[in-house]
>>> print(open('entry.pdb').read())   # PDB, C-alpha atoms
MODEL        1
ATOM      1  CA  MET W   1     166.703  69.734 -30.421  1.00  0.00           C
ATOM      2  CA  GLU W   2     167.870  72.758 -32.369  1.00  0.00           C
ATOM      3  CA  ILE W   3     168.722  73.466 -36.010  1.00  0.00           C
ATOM      4  CA  GLN W   4     171.611  75.846 -36.543  1.00  0.00           C
ATOM      5  CA  ASN W   5     174.019  76.956 -39.219  1.00  0.00           C
ATOM      6  CA  ALA W   6     177.169  74.863 -39.117  1.00  0.00           C
ATOM      7  CA  THR W   7     180.418  76.654 -38.304  1.00  0.00           C
ATOM      8  CA  ASN W   8     184.044  76.035 -39.185  1.00  0.00           C
ATOM      9  CA  ASN W   9     184.367  74.373 -35.770  1.00  0.00           C
ATOM     10  CA  ASP W  10     181.995  71.653 -37.050  1.00  0.00           C
ATOM     11  CA  ILE W  11     184.053  70.684 -40.107  1.00  0.00           C
ATOM     12  CA  ASP W  12     185.721  67.638 -38.526  1.00  0.00           C
ATOM     13  CA  GLU W  13     182.346  66.303 -37.368  1.00  0.00           C
ATOM     14  CA  ILE W  14     180.730  67.000 -40.757  1.00  0.00           C
ATOM     15  CA  PHE W  15     183.433  64.964 -42.499  1.00  0.00           C
ATOM     16  CA  ARG W  16     183.180  62.210 -39.876  1.00  0.00           C
ATOM     17  CA  LEU W  17     179.438  61.940 -40.592  1.00  0.00           C
ATOM     18  CA  TYR W  18     180.104  61.943 -44.350  1.00  0.00           C
ATOM     19  CA  LYS W  19     182.537  59.053 -43.877  1.00  0.00           C
ATOM     20  CA  ILE W  20     180.003  57.081 -41.829  1.00  0.00           C
ATOM     21  CA  ALA W  21     177.356  57.686 -44.496  1.00  0.00           C
ATOM     22  CA  THR W  22     179.733  56.736 -47.310  1.00  0.00           C
ATOM     23  CA  ASP W  23     180.810  53.550 -45.537  1.00  0.00           C
ATOM     24  CA  PHE W  24     177.144  52.606 -45.102  1.00  0.00           C
ATOM     25  CA  GLN W  25     176.440  53.350 -48.775  1.00  0.00           C
ATOM     26  CA  LYS W  26     179.375  51.163 -49.798  1.00  0.00           C
ATOM     27  CA  SER W  27     177.974  48.298 -47.718  1.00  0.00           C
ATOM     28  CA  LYS W  28     174.510  48.543 -49.308  1.00  0.00           C
ATOM     29  CA  TYR W  29     174.757  50.041 -52.765  1.00  0.00           C
ATOM     30  CA  ILE W  30     177.021  50.280 -55.769  1.00  0.00           C
ATOM     31  CA  VAL W  31     176.935  54.100 -55.905  1.00  0.00           C
ATOM     32  CA  HIS W  32     178.407  55.953 -52.939  1.00  0.00           C
ATOM     33  CA  TRP W  33     179.502  59.448 -52.108  1.00  0.00           C
ATOM     34  CA  PRO W  34     183.007  60.488 -53.124  1.00  0.00           C
ATOM     35  CA  GLU W  35     185.297  62.248 -50.713  1.00  0.00           C
ATOM     36  CA  PHE W  36     183.969  65.797 -50.717  1.00  0.00           C
ATOM     37  CA  GLU W  37     186.304  68.774 -50.989  1.00  0.00           C
ATOM     38  CA  LEU W  38     187.005  70.808 -47.867  1.00  0.00           C
ATOM     39  CA  ASN W  39     186.529  74.065 -49.790  1.00  0.00           C
ATOM     40  CA  LEU W  40     182.991  72.981 -50.789  1.00  0.00           C
ATOM     41  CA  VAL W  41     181.964  72.678 -47.138  1.00  0.00           C
ATOM     42  CA  GLN W  42     183.841  75.834 -46.131  1.00  0.00           C
ATOM     43  CA  THR W  43     182.024  77.780 -48.854  1.00  0.00           C
ATOM     44  CA  GLU W  44     178.661  76.419 -47.744  1.00  0.00           C
ATOM     45  CA  ILE W  45     179.439  77.394 -44.155  1.00  0.00           C
ATOM     46  CA  SER W  46     180.523  80.919 -45.152  1.00  0.00           C
ATOM     47  CA  GLU W  47     177.310  81.299 -47.196  1.00  0.00           C
ATOM     48  CA  ASN W  48     175.112  79.933 -44.352  1.00  0.00           C
ATOM     49  CA  ARG W  49     174.092  76.931 -46.491  1.00  0.00           C
ATOM     50  CA  GLN W  50     175.503  74.136 -44.292  1.00  0.00           C
ATOM     51  CA  TRP W  51     173.175  73.128 -41.459  1.00  0.00           C
ATOM     52  CA  LYS W  52     173.215  70.921 -38.396  1.00  0.00           C
ATOM     53  CA  LEU W  53     170.581  69.446 -36.128  1.00  0.00           C
ATOM     54  CA  VAL W  54     171.855  69.435 -32.568  1.00  0.00           C
ATOM     55  CA  ILE W  55     170.449  67.246 -29.798  1.00  0.00           C
ATOM     56  CA  GLY W  56     171.924  67.985 -26.399  1.00  0.00           C
ATOM     57  CA  ASN W  57     175.435  69.063 -27.270  1.00  0.00           C
ATOM     58  CA  LYS W  58     175.916  66.591 -30.142  1.00  0.00           C
ATOM     59  CA  ILE W  59     175.411  66.993 -33.861  1.00  0.00           C
ATOM     60  CA  ALA W  60     172.716  64.485 -34.811  1.00  0.00           C
ATOM     61  CA  CYS W  61     172.594  65.303 -38.507  1.00  0.00           C
ATOM     62  CA  VAL W  62     174.077  67.629 -41.137  1.00  0.00           C
ATOM     63  CA  TRP W  63     172.959  68.753 -44.589  1.00  0.00           C
ATOM     64  CA  ALA W  64     173.590  71.469 -47.126  1.00  0.00           C
ATOM     65  CA  ILE W  65     171.208  73.552 -49.185  1.00  0.00           C
ATOM     66  CA  ALA W  66     171.420  75.281 -52.544  1.00  0.00           C
ATOM     67  CA  PHE W  67     169.151  77.729 -54.310  1.00  0.00           C
ATOM     68  CA  SER W  68     169.951  76.459 -57.774  1.00  0.00           C
ATOM     69  CA  ASP W  69     170.663  72.966 -59.105  1.00  0.00           C
ATOM     70  CA  PRO W  70     170.457  73.218 -62.911  1.00  0.00           C
ATOM     71  CA  GLN W  71     172.409  70.110 -63.880  1.00  0.00           C
ATOM     72  CA  ILE W  72     170.097  67.861 -61.892  1.00  0.00           C
ATOM     73  CA  TRP W  73     166.789  69.699 -62.212  1.00  0.00           C
ATOM     74  CA  GLU W  74     167.276  71.099 -65.733  1.00  0.00           C
ATOM     75  CA  GLU W  75     164.243  73.232 -66.790  1.00  0.00           C
ATOM     76  CA  LEU W  76     162.610  72.791 -63.358  1.00  0.00           C
ATOM     77  CA  ASN W  77     165.558  74.710 -61.919  1.00  0.00           C
ATOM     78  CA  ASN W  78     163.733  77.881 -63.037  1.00  0.00           C
ATOM     79  CA  ASP W  79     161.261  77.303 -60.197  1.00  0.00           C
ATOM     80  CA  SER W  80     161.791  79.024 -56.877  1.00  0.00           C
ATOM     81  CA  ALA W  81     163.180  76.199 -54.745  1.00  0.00           C
ATOM     82  CA  VAL W  82     165.534  75.140 -51.989  1.00  0.00           C
ATOM     83  CA  TYR W  83     167.577  72.032 -52.803  1.00  0.00           C
ATOM     84  CA  ILE W  84     168.699  69.777 -49.957  1.00  0.00           C
ATOM     85  CA  HIS W  85     171.961  67.866 -50.373  1.00  0.00           C
ATOM     86  CA  ARG W  86     174.151  65.444 -48.433  1.00  0.00           C
ATOM     87  CA  ILE W  87     172.037  64.540 -45.422  1.00  0.00           C
ATOM     88  CA  ALA W  88     174.355  62.625 -43.106  1.00  0.00           C
ATOM     89  CA  SER W  89     173.162  61.335 -39.746  1.00  0.00           C
ATOM     90  CA  ASN W  90     175.012  60.457 -36.597  1.00  0.00           C
ATOM     91  CA  PRO W  91     174.321  56.749 -35.911  1.00  0.00           C
ATOM     92  CA  GLU W  92     173.885  57.568 -32.213  1.00  0.00           C
ATOM     93  CA  PHE W  93     170.540  59.102 -33.205  1.00  0.00           C
ATOM     94  CA  LYS W  94     169.317  56.306 -35.475  1.00  0.00           C
ATOM     95  CA  GLY W  95     165.557  55.823 -35.473  1.00  0.00           C
ATOM     96  CA  GLN W  96     164.761  59.393 -34.428  1.00  0.00           C
ATOM     97  CA  ASN W  97     163.255  60.378 -37.800  1.00  0.00           C
ATOM     98  CA  LEU W  98     165.768  63.159 -38.363  1.00  0.00           C
ATOM     99  CA  VAL W  99     164.655  63.742 -41.967  1.00  0.00           C
ATOM    100  CA  GLU W 100     161.161  64.560 -40.691  1.00  0.00           C
ATOM    101  CA  HIS W 101     162.730  67.303 -38.539  1.00  0.00           C
ATOM    102  CA  ILE W 102     164.661  68.575 -41.566  1.00  0.00           C
ATOM    103  CA  VAL W 103     161.422  68.653 -43.586  1.00  0.00           C
ATOM    104  CA  ALA W 104     159.629  70.650 -40.877  1.00  0.00           C
ATOM    105  CA  TRP W 105     162.560  73.082 -40.755  1.00  0.00           C
ATOM    106  CA  ALA W 106     162.728  73.278 -44.569  1.00  0.00           C
ATOM    107  CA  LYS W 107     159.022  74.092 -44.862  1.00  0.00           C
ATOM    108  CA  GLN W 108     159.490  77.085 -42.575  1.00  0.00           C
ATOM    109  CA  TYR W 109     162.750  78.068 -44.302  1.00  0.00           C
ATOM    110  CA  VAL W 110     161.090  77.931 -47.731  1.00  0.00           C
ATOM    111  CA  PHE W 111     158.130  79.971 -46.459  1.00  0.00           C
ATOM    112  CA  ASP W 112     160.393  82.581 -44.826  1.00  0.00           C
ATOM    113  CA  ASN W 113     162.498  82.870 -47.994  1.00  0.00           C
ATOM    114  CA  LYS W 114     159.470  83.058 -50.323  1.00  0.00           C
ATOM    115  CA  LYS W 115     160.303  79.864 -52.222  1.00  0.00           C
ATOM    116  CA  LYS W 116     157.770  77.385 -53.595  1.00  0.00           C
ATOM    117  CA  PHE W 117     159.495  73.998 -53.439  1.00  0.00           C
ATOM    118  CA  ILE W 118     161.746  71.831 -51.311  1.00  0.00           C
ATOM    119  CA  ARG W 119     163.691  69.505 -53.591  1.00  0.00           C
ATOM    120  CA  MET W 120     166.080  66.664 -53.150  1.00  0.00           C
ATOM    121  CA  ASP W 121     167.703  63.970 -55.257  1.00  0.00           C
ATOM    122  CA  THR W 122     169.421  60.654 -54.677  1.00  0.00           C
ATOM    123  CA  VAL W 123     171.603  58.771 -57.112  1.00  0.00           C
ATOM    124  CA  GLY W 124     170.014  55.624 -58.471  1.00  0.00           C
ATOM    125  CA  GLU W 125     166.709  53.928 -57.828  1.00  0.00           C
ATOM    126  CA  ASN W 126     166.899  52.992 -54.164  1.00  0.00           C
ATOM    127  CA  GLN W 127     163.396  51.787 -53.278  1.00  0.00           C
ATOM    128  CA  GLY W 128     164.126  51.978 -49.551  1.00  0.00           C
ATOM    129  CA  LEU W 129     165.057  55.665 -49.784  1.00  0.00           C
ATOM    130  CA  ILE W 130     162.150  56.378 -52.120  1.00  0.00           C
ATOM    131  CA  ASN W 131     159.755  54.888 -49.562  1.00  0.00           C
ATOM    132  CA  TYR W 132     161.422  56.716 -46.675  1.00  0.00           C
ATOM    133  CA  TYR W 133     161.442  60.132 -48.346  1.00  0.00           C
ATOM    134  CA  THR W 134     157.810  59.798 -49.442  1.00  0.00           C
ATOM    135  CA  LYS W 135     156.923  58.850 -45.852  1.00  0.00           C
ATOM    136  CA  CYS W 136     158.636  62.103 -44.816  1.00  0.00           C
ATOM    137  CA  GLY W 137     156.337  64.108 -47.109  1.00  0.00           C
ATOM    138  CA  PHE W 138     158.197  64.249 -50.414  1.00  0.00           C
ATOM    139  CA  SER W 139     156.538  63.385 -53.698  1.00  0.00           C
ATOM    140  CA  PHE W 140     158.641  61.027 -55.802  1.00  0.00           C
ATOM    141  CA  LEU W 141     158.828  62.641 -59.240  1.00  0.00           C
ATOM    142  CA  GLY W 142     160.579  59.732 -60.925  1.00  0.00           C
ATOM    143  CA  LEU W 143     163.979  59.027 -62.398  1.00  0.00           C
ATOM    144  CA  SER W 144     166.071  61.371 -64.509  1.00  0.00           C
ATOM    145  CA  LYS W 145     169.201  60.495 -66.492  1.00  0.00           C
ATOM    146  CA  LEU W 146     171.721  63.297 -65.984  1.00  0.00           C
ATOM    147  CA  LYS W 147     173.037  64.818 -69.197  1.00  0.00           C
ATOM    148  CA  ASN W 148     175.764  67.214 -68.028  1.00  0.00           C
ATOM    149  CA  THR W 149     177.602  66.348 -64.815  1.00  0.00           C
ATOM    150  CA  GLU W 150     180.670  68.510 -65.296  1.00  0.00           C
ATOM    151  CA  GLY W 151     181.611  70.071 -61.976  1.00  0.00           C
ATOM    152  CA  LEU W 152     179.279  67.842 -59.936  1.00  0.00           C
ATOM    153  CA  PRO W 153     180.658  65.394 -57.339  1.00  0.00           C
ATOM    154  CA  ALA W 154     181.921  62.135 -58.872  1.00  0.00           C
ATOM    155  CA  HIS W 155     178.948  59.990 -57.849  1.00  0.00           C
ATOM    156  CA  TYR W 156     176.795  61.924 -60.346  1.00  0.00           C
ATOM    157  CA  ASN W 157     178.912  60.936 -63.366  1.00  0.00           C
ATOM    158  CA  ASN W 158     176.756  59.052 -65.877  1.00  0.00           C
ATOM    159  CA  ALA W 159     174.065  58.715 -63.212  1.00  0.00           C
ATOM    160  CA  THR W 160     170.334  58.344 -63.069  1.00  0.00           C
ATOM    161  CA  VAL W 161     168.817  60.182 -60.111  1.00  0.00           C
ATOM    162  CA  SER W 162     165.593  59.870 -58.171  1.00  0.00           C
ATOM    163  CA  LEU W 163     163.903  63.270 -57.825  1.00  0.00           C
ATOM    164  CA  PHE W 164     161.788  64.341 -54.863  1.00  0.00           C
ATOM    165  CA  GLN W 165     159.904  67.519 -54.038  1.00  0.00           C
ATOM    166  CA  ILE W 166     157.484  69.091 -51.619  1.00  0.00           C
ATOM    167  CA  ALA W 167     155.368  71.887 -53.081  1.00  0.00           C
ATOM    168  CA  LEU W 168     154.305  74.636 -50.722  1.00  0.00           C
TER     169      LEU W 168
ENDMDL
END
>>> encode(input="entry.pdb", output="structure tokens")
Amino acid sequence: MEIQNATNNDIDEIFRLYKIATDFQKSKYIVHWPEFELNLVQTEISENRQWKLVIGNKIACVWAIAFSDPQIWEELNNDSAVYIHRIASNPEFKGQNLVEHIVAWAKQYVFDNKKKFIRMDTVGENQGLINYYTKCGFSFLGLSKLKNTEGLPAHYNNATVSLFQIAL
């Protein structure tokens, strides 16, 4: 198992995993991911902010990070944090606790980059995800109604989000 920066060669697989995740969300929840823009992922790749967890020679999971997330985290955005977005797992690796591996990686990444927090959000109040993310080490900070979603992906429009963090 290895965590690496994603490359442009991974774009098709990243979007395949996004589609799988979105289809699952549609089957379970009202809110689901929109179709993400190619240039968003290309920018994240060029800035070394798109990541992949590789098992064998297959991508088991992908996610992106940001160093600022003001529309979601508002005044807390002033803290020194890494924000994790769009975790999408390959169903071939279901049950392998991939988020726990991401958390272990993120703790080291945050330490190495002299940050204080790992943060994440999900749209809505999904008790299953809240339980899962707290099991993975996140503190559930509660719900926040977003005020300004201009420029954010469509699933954030008029949304309430669940906020999670790990303080280091």
>>> closest_residue(input="entry.pdb", among="W:Asn131, W:Thr22, W:Ser144, W:Asn57", to="Ile87 in chain W", atoms="only C-alpha atoms")
W:Thr22
>>> atom_distance(input="entry.pdb", atom1="CA of Val161 in chain W", atom2="CA of Gly142 in chain W")
8.3 Å
>>> resolve_selection(input="entry.pdb", expression="the PyMOL selection byres ((chain W and resi 89-105) around 12)", output="PyMOL selection string")
chain W and resi 1-4+13-22+24+51-56+58-65+82-88+106-112+117-120+129+132-138+165-168
>>> write_last_selection(input="entry.pdb", atoms="C-alpha atoms", output="compact mmCIF listing (two decimals), in the coordinates of the input")
# COMPACT_ATOMS: atom_id res chain seq x y z
CA MET W 1 166.70 69.73 -30.42
CA GLU W 2 167.87 72.76 -32.37
CA ILE W 3 168.72 73.47 -36.01
CA GLN W 4 171.61 75.85 -36.54
CA GLU W 13 182.35 66.30 -37.37
CA ILE W 14 180.73 67.00 -40.76
CA PHE W 15 183.43 64.96 -42.50
CA ARG W 16 183.18 62.21 -39.88
CA LEU W 17 179.44 61.94 -40.59
CA TYR W 18 180.10 61.94 -44.35
CA LYS W 19 182.54 59.05 -43.88
CA ILE W 20 180.00 57.08 -41.83
CA ALA W 21 177.36 57.69 -44.50
CA THR W 22 179.73 56.74 -47.31
CA PHE W 24 177.14 52.61 -45.10
CA TRP W 51 173.18 73.13 -41.46
CA LYS W 52 173.22 70.92 -38.40
CA LEU W 53 170.58 69.45 -36.13
CA VAL W 54 171.86 69.44 -32.57
CA ILE W 55 170.45 67.25 -29.80
CA GLY W 56 171.92 67.98 -26.40
CA LYS W 58 175.92 66.59 -30.14
CA ILE W 59 175.41 66.99 -33.86
CA ALA W 60 172.72 64.48 -34.81
CA CYS W 61 172.59 65.30 -38.51
CA VAL W 62 174.08 67.63 -41.14
CA TRP W 63 172.96 68.75 -44.59
CA ALA W 64 173.59 71.47 -47.13
CA ILE W 65 171.21 73.55 -49.18
CA VAL W 82 165.53 75.14 -51.99
CA TYR W 83 167.58 72.03 -52.80
CA ILE W 84 168.70 69.78 -49.96
CA HIS W 85 171.96 67.87 -50.37
CA ARG W 86 174.15 65.44 -48.43
CA ILE W 87 172.04 64.54 -45.42
CA ALA W 88 174.36 62.62 -43.11
CA ALA W 106 162.73 73.28 -44.57
CA LYS W 107 159.02 74.09 -44.86
CA GLN W 108 159.49 77.08 -42.58
CA TYR W 109 162.75 78.07 -44.30
CA VAL W 110 161.09 77.93 -47.73
CA PHE W 111 158.13 79.97 -46.46
CA ASP W 112 160.39 82.58 -44.83
CA PHE W 117 159.50 74.00 -53.44
CA ILE W 118 161.75 71.83 -51.31
CA ARG W 119 163.69 69.50 -53.59
CA MET W 120 166.08 66.66 -53.15
CA LEU W 129 165.06 55.66 -49.78
CA TYR W 132 161.42 56.72 -46.68
CA TYR W 133 161.44 60.13 -48.35
CA THR W 134 157.81 59.80 -49.44
CA LYS W 135 156.92 58.85 -45.85
CA CYS W 136 158.64 62.10 -44.82
CA GLY W 137 156.34 64.11 -47.11
CA PHE W 138 158.20 64.25 -50.41
CA GLN W 165 159.90 67.52 -54.04
CA ILE W 166 157.48 69.09 -51.62
CA ALA W 167 155.37 71.89 -53.08
CA LEU W 168 154.30 74.64 -50.72
>>> atom_distance(input="entry.pdb", atom1="CA of Ala159 in chain W", atom2="CA of Gln42 in chain W")
26.1 Å
>>> atom_distance(input="entry.pdb", atom1="CA of Pro34 in chain W", atom2="CA of Asn5 in chain W")
23.4 Å
>>> closest_residue(input="entry.pdb", among="W:Glu35, W:Glu150, W:Asp69, W:Asp79", to="Asp121 in chain W", atoms="only C-alpha atoms")
W:Asp69
>>> residues_around(input="entry.pdb", residues="Leu146 in chain W", least_positions_apart="4", cutoff="10 Å", atoms="all atoms listed in the file", output="PyMOL selection string")
chain W and resi 71-74+123+156-161
>>> write_last_selection(input="entry.pdb", atoms="C-alpha atoms", output="JSON list (two decimals), keeping the file's coordinate frame")
[["chain", "number", "residue", "atom", "x", "y", "z"],
["W", 71, "GLN", "CA", 172.41, 70.11, -63.88],
["W", 72, "ILE", "CA", 170.10, 67.86, -61.89],
["W", 73, "TRP", "CA", 166.79, 69.70, -62.21],
["W", 74, "GLU", "CA", 167.28, 71.10, -65.73],
["W", 123, "VAL", "CA", 171.60, 58.77, -57.11],
["W", 156, "TYR", "CA", 176.80, 61.92, -60.35],
["W", 157, "ASN", "CA", 178.91, 60.94, -63.37],
["W", 158, "ASN", "CA", 176.76, 59.05, -65.88],
["W", 159, "ALA", "CA", 174.06, 58.72, -63.21],
["W", 160, "THR", "CA", 170.33, 58.34, -63.07],
["W", 161, "VAL", "CA", 168.82, 60.18, -60.11]]
>>> closest_residue(input="entry.pdb", among="W:Asn39, W:Ser46, W:Ser80, W:Ser162", to="Phe140 in chain W", atoms="only C-alpha atoms")
W:Ser162
>>> closest_residue(input="entry.pdb", among="W:Glu75, W:Leu141, W:Asn9, W:Ala66", to="Thr122 in chain W", atoms="all atoms listed in the file")
W:Leu141
>>> axis_aligned_box(input="entry.pdb", around="range 24-41 of chain W", padding_each_side="5 Å", output="JSON")
{"center_x": 180.8, "center_y": 61.2, "center_z": -50.5, "size_x": 22.5, "size_y": 35.8, "size_z": 20.8}
>>> closest_residue(input="entry.pdb", among="W:Asn77, W:Ile130, W:Val31, W:Gln25", to="Lys116 in chain W", atoms="only C-alpha atoms")
W:Asn77
